[in-house]
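The file run_23.cif contains mmCIF, C-alpha atoms and all ligand atoms:
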```
data_data
loop_
_atom_site.label_atom_id
_atom_site.label_comp_id
_atom_site.auth_asym_id
_atom_site.auth_seq_id
_atom_site.Cartn_x
_atom_site.Cartn_y
_atom_site.Cartn_z
CA MET L 997 6.98 -71.93 28.61
CA THR L 998 6.64 -68.38 29.87
CA ALA L 999 9.39 -66.69 31.83
CA HIS L 1000 9.05 -65.44 35.37
CA ILE L 1001 8.72 -61.68 35.07
CA ILE L 1002 11.06 -59.91 37.47
CA ASP L 1003 9.09 -57.25 39.32
CA GLY L 1004 11.61 -54.40 39.54
CA LYS L 1005 8.99 -52.07 40.94
CA ALA L 1006 8.29 -54.33 43.93
CA ILE L 1007 11.98 -55.13 44.53
CA ALA L 1008 12.86 -51.41 44.38
CA ALA L 1009 10.01 -50.54 46.77
CA GLU L 1010 11.28 -53.13 49.27
CA LEU L 1011 14.82 -51.79 48.98
CA ARG L 1012 13.62 -48.22 49.49
CA GLY L 1013 11.69 -49.36 52.58
CA ARG L 1014 14.84 -50.95 54.04
CA ILE L 1015 16.83 -47.80 53.26
CA GLY L 1016 14.20 -45.71 55.09
CA LEU L 1017 14.56 -47.92 58.18
CA ALA L 1018 18.35 -47.65 57.99
CA VAL L 1019 18.12 -43.84 57.81
CA THR L 1020 15.95 -43.77 60.95
CA GLU L 1021 18.49 -46.00 62.70
CA LEU L 1022 21.36 -43.70 61.67
CA GLN L 1023 19.48 -40.68 62.97
CA ASN L 1024 18.75 -42.40 66.27
CA THR L 1025 22.17 -43.89 66.84
CA HIS L 1026 24.50 -41.30 65.28
CA ASN L 1027 22.37 -38.18 64.81
CA LEU L 1028 23.24 -38.44 61.11
CA THR L 1029 20.82 -37.59 58.28
CA PRO L 1030 22.16 -38.51 54.83
CA GLY L 1031 21.82 -35.61 52.40
CA LEU L 1032 21.60 -35.74 48.60
CA ALA L 1033 22.13 -32.67 46.39
CA VAL L 1034 20.85 -32.76 42.82
CA VAL L 1035 21.85 -30.06 40.36
CA LEU L 1036 19.90 -29.51 37.15
CA VAL L 1037 21.16 -27.17 34.42
CA GLY L 1038 18.56 -26.15 31.84
CA GLU L 1039 14.95 -26.97 31.13
CA ASP L 1040 15.08 -30.46 29.60
CA ALA L 1041 11.61 -31.90 30.24
CA ALA L 1042 12.69 -35.49 30.94
CA SER L 1043 15.48 -34.29 33.27
CA GLN L 1044 13.02 -32.16 35.22
CA VAL L 1045 10.85 -35.24 35.84
CA TYR L 1046 13.88 -37.32 36.90
CA VAL L 1047 15.07 -34.60 39.29
CA ARG L 1048 11.62 -34.17 40.80
CA ASN L 1049 11.27 -37.95 41.31
CA LYS L 1050 14.71 -38.15 42.90
CA GLY L 1051 13.80 -35.35 45.33
CA ILE L 1052 10.53 -37.05 46.30
CA ALA L 1053 12.22 -40.44 46.82
CA THR L 1054 15.02 -38.86 48.88
CA LYS L 1055 12.54 -37.21 51.25
CA GLN L 1056 10.41 -40.36 51.45
CA ALA L 1057 13.51 -42.24 52.64
CA GLY L 1058 13.92 -39.66 55.42
CA MET L 1059 17.02 -38.10 53.86
CA ALA L 1060 17.70 -34.41 53.32
CA SER L 1061 17.12 -33.34 49.72
CA PHE L 1062 18.83 -30.28 48.23
CA GLU L 1063 17.81 -29.21 44.74
CA PHE L 1064 19.55 -26.59 42.61
CA ARG L 1065 18.24 -25.41 39.25
CA LEU L 1066 20.55 -23.35 37.04
CA PRO L 1067 19.64 -21.68 33.73
CA ALA L 1068 20.53 -23.38 30.43
CA ASP L 1069 23.19 -20.74 29.63
CA THR L 1070 25.10 -21.30 32.89
CA PRO L 1071 28.86 -21.12 32.20
CA GLN L 1072 30.85 -24.25 33.08
CA GLU L 1073 32.81 -22.42 35.77
CA THR L 1074 29.60 -21.40 37.58
CA LEU L 1075 28.45 -25.03 37.69
CA LEU L 1076 31.90 -26.15 38.88
CA ASP L 1077 31.77 -23.51 41.66
CA LYS L 1078 28.39 -24.94 42.73
CA VAL L 1079 29.85 -28.47 42.75
CA ARG L 1080 32.87 -27.30 44.77
CA SER L 1081 30.63 -25.64 47.37
CA LEU L 1082 28.63 -28.88 47.67
CA ASN L 1083 31.93 -30.81 47.99
CA ASP L 1084 32.64 -28.66 51.08
CA ASP L 1085 29.12 -28.79 52.57
CA PRO L 1086 29.05 -31.24 55.52
CA ASP L 1087 25.26 -31.71 55.23
CA VAL L 1088 25.63 -33.00 51.66
CA HIS L 1089 26.86 -36.61 51.41
CA GLY L 1090 25.94 -37.24 47.80
CA ILE L 1091 26.12 -34.99 44.73
CA LEU L 1092 24.41 -35.70 41.45
CA VAL L 1093 24.55 -33.42 38.44
CA GLN L 1094 21.71 -34.43 36.13
CA PHE L 1095 22.99 -35.33 32.65
CA PRO L 1096 22.88 -34.36 29.85
CA VAL L 1097 24.27 -30.89 30.55
CA PRO L 1098 24.10 -28.08 27.92
CA GLU L 1099 26.84 -28.17 25.30
CA GLN L 1100 29.00 -25.37 26.79
CA ILE L 1101 29.68 -27.69 29.74
CA SER L 1102 31.90 -30.77 29.63
CA GLN L 1103 30.25 -33.74 31.35
CA GLN L 1104 33.66 -35.27 32.08
CA VAL L 1105 34.97 -32.08 33.73
CA VAL L 1106 31.87 -31.99 35.94
CA VAL L 1107 32.33 -35.65 36.93
CA ASP L 1108 36.03 -35.06 37.65
CA THR L 1109 35.15 -32.12 39.96
CA ILE L 1110 32.77 -34.06 42.22
CA ARG L 1111 34.52 -35.39 45.32
CA PRO L 1112 34.82 -39.15 44.73
CA ASP L 1113 33.36 -39.99 48.16
CA LYS L 1114 30.26 -37.87 47.31
CA ASP L 1115 29.99 -39.21 43.73
CA VAL L 1116 26.75 -41.18 44.23
CA ASP L 1117 26.42 -41.65 40.45
CA GLY L 1118 29.67 -43.64 40.62
CA LEU L 1119 31.05 -42.03 37.47
CA HIS L 1120 34.28 -40.47 38.80
CA PRO L 1121 37.36 -42.24 37.37
CA ILE L 1122 38.48 -42.98 40.96
CA ASN L 1123 35.26 -44.89 41.61
CA ALA L 1124 35.46 -46.67 38.24
CA GLY L 1125 39.07 -47.63 39.00
CA ARG L 1126 38.25 -48.79 42.52
CA LEU L 1127 35.39 -50.94 41.18
CA ALA L 1128 37.72 -52.46 38.56
CA SER L 1129 40.29 -53.11 41.31
CA GLY L 1130 37.77 -54.86 43.54
CA LEU L 1131 37.98 -52.10 46.16
CA PRO L 1132 35.02 -50.46 47.93
CA ALA L 1133 33.59 -47.85 45.55
CA LEU L 1134 30.47 -45.91 44.82
CA THR L 1135 28.97 -47.83 41.91
CA PRO L 1136 26.77 -46.46 39.10
CA CYS L 1137 23.12 -46.88 40.11
CA THR L 1138 21.59 -48.63 37.08
CA PRO L 1139 24.31 -51.33 36.93
CA LEU L 1140 24.00 -51.87 40.68
CA GLY L 1141 20.22 -52.20 40.32
CA SER L 1142 20.59 -54.63 37.41
CA VAL L 1143 22.88 -56.94 39.36
CA ILE L 1144 20.71 -56.78 42.48
CA LEU L 1145 17.79 -57.97 40.32
CA ALA L 1146 19.86 -60.86 38.94
CA LYS L 1147 21.05 -61.87 42.42
CA GLN L 1148 17.62 -61.61 43.96
CA THR L 1149 16.25 -63.80 41.13
CA LEU L 1150 18.99 -66.42 40.81
CA GLY L 1151 20.78 -66.34 44.17
CA ASP L 1152 24.47 -67.17 43.88
CA LEU L 1153 25.74 -66.15 40.42
CA THR L 1154 29.06 -68.01 40.72
CA GLY L 1155 30.18 -69.66 37.49
CA LYS L 1156 27.32 -68.39 35.38
CA HIS L 1157 28.15 -67.06 31.93
CA ALA L 1158 27.02 -63.44 31.76
CA VAL L 1159 26.90 -61.60 28.44
CA VAL L 1160 26.64 -57.82 28.69
CA ILE L 1161 25.73 -56.03 25.46
CA GLY L 1162 27.09 -52.47 25.66
CA ARG L 1163 30.38 -51.10 26.92
CA SER L 1164 29.48 -47.59 28.12
CA ASN L 1165 31.04 -46.17 31.28
CA LEU L 1166 27.52 -45.54 32.58
CA VAL L 1167 26.08 -49.04 32.18
CA GLY L 1168 27.93 -51.77 30.24
CA LYS L 1169 31.39 -51.62 31.83
CA PRO L 1170 30.24 -51.30 35.47
CA VAL L 1171 27.63 -54.08 35.01
CA ALA L 1172 30.42 -56.32 33.70
CA GLN L 1173 32.65 -55.43 36.68
CA LEU L 1174 29.87 -56.13 39.17
CA LEU L 1175 29.09 -59.50 37.56
CA LEU L 1176 32.80 -60.37 37.65
CA LYS L 1177 32.74 -59.55 41.36
CA GLU L 1178 29.88 -62.07 41.68
CA ASN L 1179 32.18 -64.70 40.13
CA CYS L 1180 30.45 -64.81 36.75
CA THR L 1181 32.35 -65.53 33.57
CA VAL L 1182 31.74 -62.28 31.74
CA THR L 1183 31.65 -61.52 28.03
CA ILE L 1184 31.25 -57.89 26.96
CA ALA L 1185 29.64 -57.52 23.55
CA HIS L 1186 29.34 -54.23 21.65
CA SER L 1187 28.70 -52.64 18.28
CA ARG L 1188 31.71 -54.38 16.68
CA THR L 1189 30.99 -57.85 18.07
CA GLN L 1190 30.79 -60.55 15.40
CA ASP L 1191 27.69 -62.75 15.38
CA LEU L 1192 26.06 -61.12 18.38
CA ALA L 1193 23.15 -63.57 18.25
CA SER L 1194 25.44 -66.58 18.91
CA VAL L 1195 27.26 -64.75 21.70
CA CYS L 1196 23.93 -63.96 23.35
CA ARG L 1197 22.75 -67.57 23.00
CA SER L 1198 25.63 -68.68 25.23
CA ALA L 1199 24.47 -66.48 28.13
CA ASP L 1200 22.99 -67.74 31.39
CA ILE L 1201 22.55 -64.07 32.27
CA LEU L 1202 21.97 -61.66 29.39
CA VAL L 1203 22.17 -57.93 30.13
CA ALA L 1204 21.13 -55.65 27.27
CA ALA L 1205 22.32 -52.03 27.56
CA VAL L 1206 22.42 -50.77 24.00
CA GLY L 1207 19.67 -48.26 23.29
CA ILE L 1208 18.25 -50.01 20.20
CA ALA L 1209 14.58 -50.92 20.50
CA GLU L 1210 14.01 -54.70 20.57
CA LEU L 1211 17.46 -55.53 19.17
CA VAL L 1212 17.63 -58.86 21.04
CA LYS L 1213 15.28 -61.36 19.44
CA GLY L 1214 13.68 -64.36 21.11
CA ASP L 1215 15.98 -66.83 19.34
CA TRP L 1216 19.06 -64.97 20.71
CA VAL L 1217 18.06 -66.08 24.20
CA LYS L 1218 19.25 -69.38 25.70
CA PRO L 1219 16.25 -71.34 27.03
CA GLY L 1220 15.88 -70.63 30.75
CA ALA L 1221 18.29 -67.67 30.78
CA CYS L 1222 17.87 -64.63 33.01
CA VAL L 1223 17.38 -61.54 30.83
CA ILE L 1224 18.00 -58.10 32.31
CA ASP L 1225 16.84 -55.40 29.89
CA VAL L 1226 18.39 -52.02 30.72
CA GLY L 1227 17.31 -50.30 27.50
CA ILE L 1228 14.71 -47.55 27.50
CA ASN L 1229 13.51 -46.64 24.02
CA ARG L 1230 10.49 -44.57 23.08
CA VAL L 1231 8.78 -45.88 19.93
CA GLU L 1232 5.58 -45.09 18.10
CA ALA L 1233 2.60 -47.16 19.19
CA PRO L 1234 -0.03 -46.85 16.44
CA GLU L 1235 -2.18 -49.38 18.31
CA LYS L 1236 -2.69 -46.71 21.00
CA GLY L 1237 -4.10 -44.19 18.48
CA VAL L 1238 -3.06 -40.54 18.08
CA ASP L 1239 -2.46 -37.72 20.56
CA ASP L 1240 -4.11 -34.27 20.60
CA ALA L 1241 -1.67 -33.04 17.91
CA GLY L 1242 -2.62 -35.94 15.63
CA GLN L 1243 0.75 -37.65 16.16
CA PRO L 1244 0.88 -41.39 16.86
CA LYS L 1245 1.04 -42.12 20.59
CA THR L 1246 4.26 -43.63 21.87
CA LYS L 1247 5.34 -46.29 24.35
CA LEU L 1248 8.54 -47.40 26.06
CA VAL L 1249 10.25 -50.62 25.00
CA GLY L 1250 13.52 -52.19 25.99
CA ASP L 1251 16.47 -53.50 23.98
CA VAL L 1252 14.89 -56.97 24.07
CA ALA L 1253 11.89 -58.08 21.99
CA PHE L 1254 9.97 -58.90 25.15
CA ASP L 1255 7.03 -60.80 23.57
CA GLU L 1256 9.47 -63.23 21.90
CA ALA L 1257 12.01 -63.48 24.70
CA VAL L 1258 9.42 -64.10 27.41
CA LYS L 1259 8.61 -67.41 25.70
CA VAL L 1260 12.24 -68.62 25.90
CA ALA L 1261 13.84 -67.05 28.98
CA GLY L 1262 13.53 -68.37 32.51
CA HIS L 1263 13.38 -64.86 34.01
CA ILE L 1264 13.04 -61.48 32.33
CA THR L 1265 12.70 -57.84 33.35
CA PRO L 1266 9.90 -55.85 31.69
CA VAL L 1267 10.27 -52.30 30.33
CA PRO L 1268 8.96 -50.26 32.04
CA GLY L 1269 8.89 -51.70 35.56
CA GLY L 1270 12.12 -53.69 35.54
CA VAL L 1271 15.55 -52.07 35.89
CA GLY L 1272 14.20 -48.48 35.78
CA PRO L 1273 12.77 -48.33 39.33
CA MET L 1274 15.99 -49.83 40.73
CA THR L 1275 18.04 -46.81 39.62
CA ILE L 1276 16.56 -44.36 42.15
CA ALA L 1277 16.57 -47.01 44.89
CA CYS L 1278 20.30 -47.56 44.28
CA LEU L 1279 20.93 -43.80 44.27
CA LEU L 1280 19.46 -43.70 47.79
CA ARG L 1281 21.54 -46.74 48.75
CA ASN L 1282 24.70 -45.00 47.52
CA THR L 1283 23.79 -41.84 49.45
CA LEU L 1284 23.34 -43.90 52.62
CA THR L 1285 26.70 -45.61 52.04
CA ALA L 1286 28.41 -42.28 51.31
CA ALA L 1287 26.99 -40.71 54.49
CA CYS L 1288 28.20 -43.62 56.66
CA ARG L 1289 31.69 -43.55 55.12
CA GLN L 1290 32.02 -39.76 55.45
CA ALA L 1291 30.84 -39.82 59.06
CA GLY L 1292 33.11 -42.77 59.88
CA VAL L 1293 30.23 -44.87 61.19
CA PRO L 1294 29.71 -48.56 60.32
CA GLU L 1295 27.94 -48.99 57.00
CA VAL L 1296 24.34 -50.09 57.39
CA GLU L 1297 23.57 -53.21 55.31
CA VAL L 1298 20.35 -52.87 53.33
P1 LIG L 1301 25.47 -45.73 25.14
O1 LIG L 1301 24.92 -45.21 23.85
O2 LIG L 1301 26.45 -44.92 25.90
O3 LIG L 1301 26.12 -47.15 24.89
C1 LIG L 1301 25.51 -48.11 24.05
C2 LIG L 1301 26.42 -49.30 23.88
O4 LIG L 1301 25.77 -50.22 23.00
C3 LIG L 1301 27.77 -48.99 23.28
O5 LIG L 1301 28.78 -49.50 24.11
C4 LIG L 1301 27.78 -49.68 21.93
O6 LIG L 1301 29.02 -50.35 21.66
C5 LIG L 1301 26.70 -50.73 22.08
N1 LIG L 1301 26.01 -50.93 20.79
C6 LIG L 1301 25.53 -49.99 19.96
N2 LIG L 1301 24.98 -50.57 18.88
C7 LIG L 1301 25.11 -51.89 19.03
C8 LIG L 1301 24.75 -53.02 18.26
N3 LIG L 1301 24.13 -52.90 17.09
N4 LIG L 1301 25.07 -54.24 18.73
C9 LIG L 1301 25.69 -54.38 19.92
N5 LIG L 1301 26.06 -53.36 20.69
C10 LIG L 1301 25.77 -52.13 20.26
O7 LIG L 1301 24.17 -46.06 26.04
P2 LIG L 1301 24.07 -46.27 27.63
O8 LIG L 1301 24.15 -44.99 28.33
O9 LIG L 1301 24.98 -47.38 28.06
O10 LIG L 1301 22.55 -46.77 27.74
C11 LIG L 1301 22.14 -47.99 27.12
C12 LIG L 1301 20.63 -48.10 27.25
O11 LIG L 1301 20.29 -48.14 28.62
C13 LIG L 1301 19.85 -46.92 26.67
O12 LIG L 1301 18.64 -47.41 26.11
C14 LIG L 1301 19.54 -46.07 27.88
O13 LIG L 1301 18.36 -45.31 27.72
C15 LIG L 1301 19.33 -47.13 28.91
N6 LIG L 1301 19.56 -46.67 30.30
C16 LIG L 1301 18.62 -47.01 31.21
C17 LIG L 1301 18.76 -46.62 32.51
C18 LIG L 1301 17.72 -47.03 33.51
O14 LIG L 1301 17.53 -46.38 34.52
N7 LIG L 1301 17.02 -48.13 33.28
C19 LIG L 1301 19.86 -45.86 32.91
C20 LIG L 1301 20.85 -45.56 31.97
C21 LIG L 1301 20.68 -45.98 30.66
#
```
Spit out the file's structure as structure tokens when you get a sec.
Ligand code: NAD
Amino acid sequence: MTAHIIDGKAIAAELRGRIGLAVTELQNTHNLTPGLAVVLVGEDAASQVYVRNKGIATKQAGMASFEFRLPADTPQETLLDKVRSLNDDPDVHGILVQFPVPEQISQQVVVDTIRPDKDVDGLHPINAGRLASGLPALTPCTPLGSVILAKQTLGDLTGKHAVVIGRSNLVGKPVAQLLLKENCTVTIAHSRTQDLASVCRSADILVAAVGIAELVKGDWVKPGACVIDVGINRVEAPEKGVDDAGQPKTKLVGDVAFDEAVKVAGHITPVPGGVGPMTIACLLRNTLTAACRQAGVPEVEV
């Protein structure tokens, strides 16, 4: 048996297309253009790529994109002033500060300063609390994307046993909350969980959000289960040879040993090309939602 491979790239592209149509409709009916502001502090190479990709995707969806780049030695108060001015800017409906930020800046203080209704990363404690209370919230993008993939693959998730490995505020906890909202029976596993393999084997839906390359082995997967691999880990790939500096080339792998799990699971996301592309699509979705709520117009379903 070989699992159905969930094509996150295609599902994300479809979602982005629907968001683009919704933006056009909002412009035509309410003269409203959703705007997303992204703030990058410092020169981190990976962050620069993420920010650039977010800007491109935002414009492709027909939204307004605002990009701010601050030097690595920016004092915390300067960044907070920037965030406060974006909080007050009526053209900006979503604010994202790219993490990680340099060490002189507290990530939590930054999150706490973003207006909750513009917090398109869904990290503000008010949004986390609203999600946990079953109230409308802005939800972290990767968890939202993960659950959309599961729903699109399986349909109704009611009654399914979901095991989420990882309990971070960014991924594990919000994924668990979203699956609970879909009427799953949810188990959250983490670094102190006893006999993780057995816990995983009981999962109809297994979400891995750990950050350890290929932690989840094939025999941890229940036959036919839906495996959503959130992990992104860069590992050496000697089979690809060496780079110009003579160092082994690298590749991205997930938290699941894909080659083993694909033989057991019913459905599985690849890395790359699974959950990853859904993150930006869900950021755009959150920006659309935030714009509708701030303007007091009916939310467009996408
Ligand atoms: P994190 O380090 O904040 O949290 C990791 C979690 O894994 C913790 O809750 C910890 O308890 C648990 N854990 C650690 N070791 C474990 C073990 N041996 N057994 C079981 N649980 C263990 O990481 P995060 O921010 O939640 O990210 C998790 C992974 O998801 C990372 O690989 C990250 O790169 C990836 N990620 C991907 C996207 C995306 O767009 N696809 C977005 C965010 C994060």
Using all atoms listed in the file, what are the residues with an atom within 8 Å of ligand LIG 1301 (chain L), set out as a VMD selection string?
chain L and resid 1137 to 1138 1161 to 1168 1185 to 1189 1192 1204 to 1209 1211 1226 to 1229 1250 to 1251 1270 to 1276
What would the file look like if the residues just selected were written as an mmCIF file, in the frame of the given file with C-alpha atoms?
```
data_model
loop_
_atom_site.group_PDB
_atom_site.id
_atom_site.type_symbol
_atom_site.label_atom_id
_atom_site.label_comp_id
_atom_site.auth_asym_id
_atom_site.auth_seq_id
_atom_site.Cartn_x
_atom_site.Cartn_y
_atom_site.Cartn_z
ATOM 1 C CA CYS L 1137 23.120 -46.880 40.110
ATOM 2 C CA THR L 1138 21.590 -48.630 37.080
ATOM 3 C CA ILE L 1161 25.730 -56.030 25.460
ATOM 4 C CA GLY L 1162 27.090 -52.470 25.660
ATOM 5 C CA ARG L 1163 30.380 -51.100 26.920
ATOM 6 C CA SER L 1164 29.480 -47.590 28.120
ATOM 7 C CA ASN L 1165 31.040 -46.170 31.280
ATOM 8 C CA LEU L 1166 27.520 -45.540 32.580
ATOM 9 C CA VAL L 1167 26.080 -49.040 32.180
ATOM 10 C CA GLY L 1168 27.930 -51.770 30.240
ATOM 11 C CA ALA L 1185 29.640 -57.520 23.550
ATOM 12 C CA HIS L 1186 29.340 -54.230 21.650
ATOM 13 C CA SER L 1187 28.700 -52.640 18.280
ATOM 14 C CA ARG L 1188 31.710 -54.380 16.680
ATOM 15 C CA THR L 1189 30.990 -57.850 18.070
ATOM 16 C CA LEU L 1192 26.060 -61.120 18.380
ATOM 17 C CA ALA L 1204 21.130 -55.650 27.270
ATOM 18 C CA ALA L 1205 22.320 -52.030 27.560
ATOM 19 C CA VAL L 1206 22.420 -50.770 24.000
ATOM 20 C CA GLY L 1207 19.670 -48.260 23.290
ATOM 21 C CA ILE L 1208 18.250 -50.010 20.200
ATOM 22 C CA ALA L 1209 14.580 -50.920 20.500
ATOM 23 C CA LEU L 1211 17.460 -55.530 19.170
ATOM 24 C CA VAL L 1226 18.390 -52.020 30.720
ATOM 25 C CA GLY L 1227 17.310 -50.300 27.500
ATOM 26 C CA ILE L 1228 14.710 -47.550 27.500
ATOM 27 C CA ASN L 1229 13.510 -46.640 24.020
ATOM 28 C CA GLY L 1250 13.520 -52.190 25.990
ATOM 29 C CA ASP L 1251 16.470 -53.500 23.980
ATOM 30 C CA GLY L 1270 12.120 -53.690 35.540
ATOM 31 C CA VAL L 1271 15.550 -52.070 35.890
ATOM 32 C CA GLY L 1272 14.200 -48.480 35.780
ATOM 33 C CA PRO L 1273 12.770 -48.330 39.330
ATOM 34 C CA MET L 1274 15.990 -49.830 40.730
ATOM 35 C CA THR L 1275 18.040 -46.810 39.620
ATOM 36 C CA ILE L 1276 16.560 -44.360 42.150
#
```
When distances are computed from all atoms listed in the file, which of L:Val1296, L:Val1212, L:Ala1253, L:Ala1146 shows the smallest separation from Ile1007 (chain L)?
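Closest residue, counting all atoms listed in the file: L:Ala1146.
Each of L:Gly1090, L:Val1035, L:His1000, L:Asp1113 was checked against Leu1075 (chain L) using only C-alpha atoms; the smallest atom-to-atom distance is that of L:Val1035.
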With distances taken over all atoms listed in the file, the candidate from L:Val1034, L:Leu1066, L:Val1171, L:Val1143 nearest Gln1094 (chain L) is L:Val1034
Between CA of Glu1297 (chain L) and CA of Glu1021 (chain L) - distance in Å to one decimal:
11.5 Å
What does the distance between CA of His1089 (chain L) and CA of Thr1054 (chain L) come to in Å, to one decimal place?
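Distance between the two atoms: 12.3 Å.
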Under the rule that only C-alpha atoms are counted, which of L:Leu1127, L:Ala1261, L:Leu1140, L:Leu1076 is the nearest residue to Val1106 (chain L)?
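Among the listed residues, the smallest separation from Val1106 (chain L) belongs to L:Leu1076.
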Name the residues within 6 Å of (17.8, -53.8, 43.1), counting all atoms listed in the file in the file's coordinates, and put them as a list in words.
Ala1008, Gly1141, Ile1144, Leu1145 and Met1274 of chain L
Exercise: Pro1098 (chain L) partners within 10 Å, all atoms listed in the file, chain neighbours under 3 positions left out, as an MDAnalysis selection string:
chainID L and resid 1037:1040 1067:1072 1095 1101:1103
With distances taken over all atoms listed in the file, which of L:Asp1255, L:Glu1232, L:Asp1115, L:Asp1225 is nearest to Ile1002 (chain L)?
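The answer is L:Asp1225, which sits nearest to Ile1002 (chain L).
Across the model, the gap from CA of Gly1269 (chain L) to CA of Arg1230 (chain L) is 14.5 Å.
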Write out as a CSV table (one decimal) with C-alpha atoms, in the coordinates of the input which residues come within 12 Å of Gln1243 (chain L) when counting only C-alpha atoms, dropping same-chain ones fewer than 4 positions away.
```
chain,number,residue,atom,x,y,z
L,1232,GLU,CA,5.6,-45.1,18.1
L,1233,ALA,CA,2.6,-47.2,19.2
L,1234,PRO,CA,0.0,-46.8,16.4
L,1236,LYS,CA,-2.7,-46.7,21.0
L,1237,GLY,CA,-4.1,-44.2,18.5
L,1238,VAL,CA,-3.1,-40.5,18.1
L,1239,ASP,CA,-2.5,-37.7,20.6
```
Just checking: using only C-alpha atoms, which residue out of L:Leu1131, L:Lys1055, L:Thr1109, L:Leu1119 ends up closest to Lys1078 (chain L)?
L:Thr1109
Step by step: start from the point (21.5, -46.4, 51.7) in the file's coordinates, keep every protein, DNA or RNA residue that has an atom no farther than 12 Å from it, count only C-alpha atoms, and write the set as a PDB file with C-alpha atoms, in the coordinates of the input.
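Produced file point.pdb, reproduced below:
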```pdb
ATOM      1  CA  LEU L1011      14.820 -51.790  48.980  1.00  0.00           C
ATOM      2  CA  ARG L1012      13.620 -48.220  49.490  1.00  0.00           C
ATOM      3  CA  GLY L1013      11.690 -49.360  52.580  1.00  0.00           C
ATOM      4  CA  ARG L1014      14.840 -50.950  54.040  1.00  0.00           C
ATOM      5  CA  ILE L1015      16.830 -47.800  53.260  1.00  0.00           C
ATOM      6  CA  GLY L1016      14.200 -45.710  55.090  1.00  0.00           C
ATOM      7  CA  LEU L1017      14.560 -47.920  58.180  1.00  0.00           C
ATOM      8  CA  ALA L1018      18.350 -47.650  57.990  1.00  0.00           C
ATOM      9  CA  VAL L1019      18.120 -43.840  57.810  1.00  0.00           C
ATOM     10  CA  THR L1020      15.950 -43.770  60.950  1.00  0.00           C
ATOM     11  CA  GLU L1021      18.490 -46.000  62.700  1.00  0.00           C
ATOM     12  CA  LEU L1022      21.360 -43.700  61.670  1.00  0.00           C
ATOM     13  CA  THR L1029      20.820 -37.590  58.280  1.00  0.00           C
ATOM     14  CA  PRO L1030      22.160 -38.510  54.830  1.00  0.00           C
ATOM     15  CA  GLY L1031      21.820 -35.610  52.400  1.00  0.00           C
ATOM     16  CA  LEU L1032      21.600 -35.740  48.600  1.00  0.00           C
ATOM     17  CA  THR L1054      15.020 -38.860  48.880  1.00  0.00           C
ATOM     18  CA  ALA L1057      13.510 -42.240  52.640  1.00  0.00           C
ATOM     19  CA  GLY L1058      13.920 -39.660  55.420  1.00  0.00           C
ATOM     20  CA  MET L1059      17.020 -38.100  53.860  1.00  0.00           C
ATOM     21  CA  HIS L1089      26.860 -36.610  51.410  1.00  0.00           C
ATOM     22  CA  GLY L1090      25.940 -37.240  47.800  1.00  0.00           C
ATOM     23  CA  VAL L1116      26.750 -41.180  44.230  1.00  0.00           C
ATOM     24  CA  LEU L1134      30.470 -45.910  44.820  1.00  0.00           C
ATOM     25  CA  CYS L1137      23.120 -46.880  40.110  1.00  0.00           C
ATOM     26  CA  ILE L1276      16.560 -44.360  42.150  1.00  0.00           C
ATOM     27  CA  ALA L1277      16.570 -47.010  44.890  1.00  0.00           C
ATOM     28  CA  CYS L1278      20.300 -47.560  44.280  1.00  0.00           C
ATOM     29  CA  LEU L1279      20.930 -43.800  44.270  1.00  0.00           C
ATOM     30  CA  LEU L1280      19.460 -43.700  47.790  1.00  0.00           C
ATOM     31  CA  ARG L1281      21.540 -46.740  48.750  1.00  0.00           C
ATOM     32  CA  ASN L1282      24.700 -45.000  47.520  1.00  0.00           C
ATOM     33  CA  THR L1283      23.790 -41.840  49.450  1.00  0.00           C
ATOM     34  CA  LEU L1284      23.340 -43.900  52.620  1.00  0.00           C
ATOM     35  CA  THR L1285      26.700 -45.610  52.040  1.00  0.00           C
ATOM     36  CA  ALA L1286      28.410 -42.280  51.310  1.00  0.00           C
ATOM     37  CA  ALA L1287      26.990 -40.710  54.490  1.00  0.00           C
ATOM     38  CA  CYS L1288      28.200 -43.620  56.660  1.00  0.00           C
ATOM     39  CA  ARG L1289      31.690 -43.550  55.120  1.00  0.00           C
ATOM     40  CA  GLU L1295      27.940 -48.990  57.000  1.00  0.00           C
ATOM     41  CA  VAL L1296      24.340 -50.090  57.390  1.00  0.00           C
ATOM     42  CA  GLU L1297      23.570 -53.210  55.310  1.00  0.00           C
ATOM     43  CA  VAL L1298      20.350 -52.870  53.330  1.00  0.00           C
TER      44      VAL L1298
END
```
When you look at Gly1125 (chain L) with a cut-off of 12 Å (counting all atoms listed in the file), what residues show up, excluding the ones that are within fewer than 2 positions of it in the same chain? I need them as JSON, numbers by chain.
{"L": [1112, 1118, 1119, 1120, 1121, 1122, 1123, 1127, 1128, 1129, 1130, 1131, 1132, 1133, 1134, 1135, 1165, 1169, 1170, 1173]}
Requested write-out: C-alpha atoms of the selected residues, as a CSV table (one decimal), keeping the file's coordinate frame:
```
chain,number,residue,atom,x,y,z
L,1112,PRO,CA,34.8,-39.2,44.7
L,1118,GLY,CA,29.7,-43.6,40.6
L,1119,LEU,CA,31.0,-42.0,37.5
L,1120,HIS,CA,34.3,-40.5,38.8
L,1121,PRO,CA,37.4,-42.2,37.4
L,1122,ILE,CA,38.5,-43.0,41.0
L,1123,ASN,CA,35.3,-44.9,41.6
L,1127,LEU,CA,35.4,-50.9,41.2
L,1128,ALA,CA,37.7,-52.5,38.6
L,1129,SER,CA,40.3,-53.1,41.3
L,1130,GLY,CA,37.8,-54.9,43.5
L,1131,LEU,CA,38.0,-52.1,46.2
L,1132,PRO,CA,35.0,-50.5,47.9
L,1133,ALA,CA,33.6,-47.8,45.6
L,1134,LEU,CA,30.5,-45.9,44.8
L,1135,THR,CA,29.0,-47.8,41.9
L,1165,ASN,CA,31.0,-46.2,31.3
L,1169,LYS,CA,31.4,-51.6,31.8
L,1170,PRO,CA,30.2,-51.3,35.5
L,1173,GLN,CA,32.6,-55.4,36.7
```
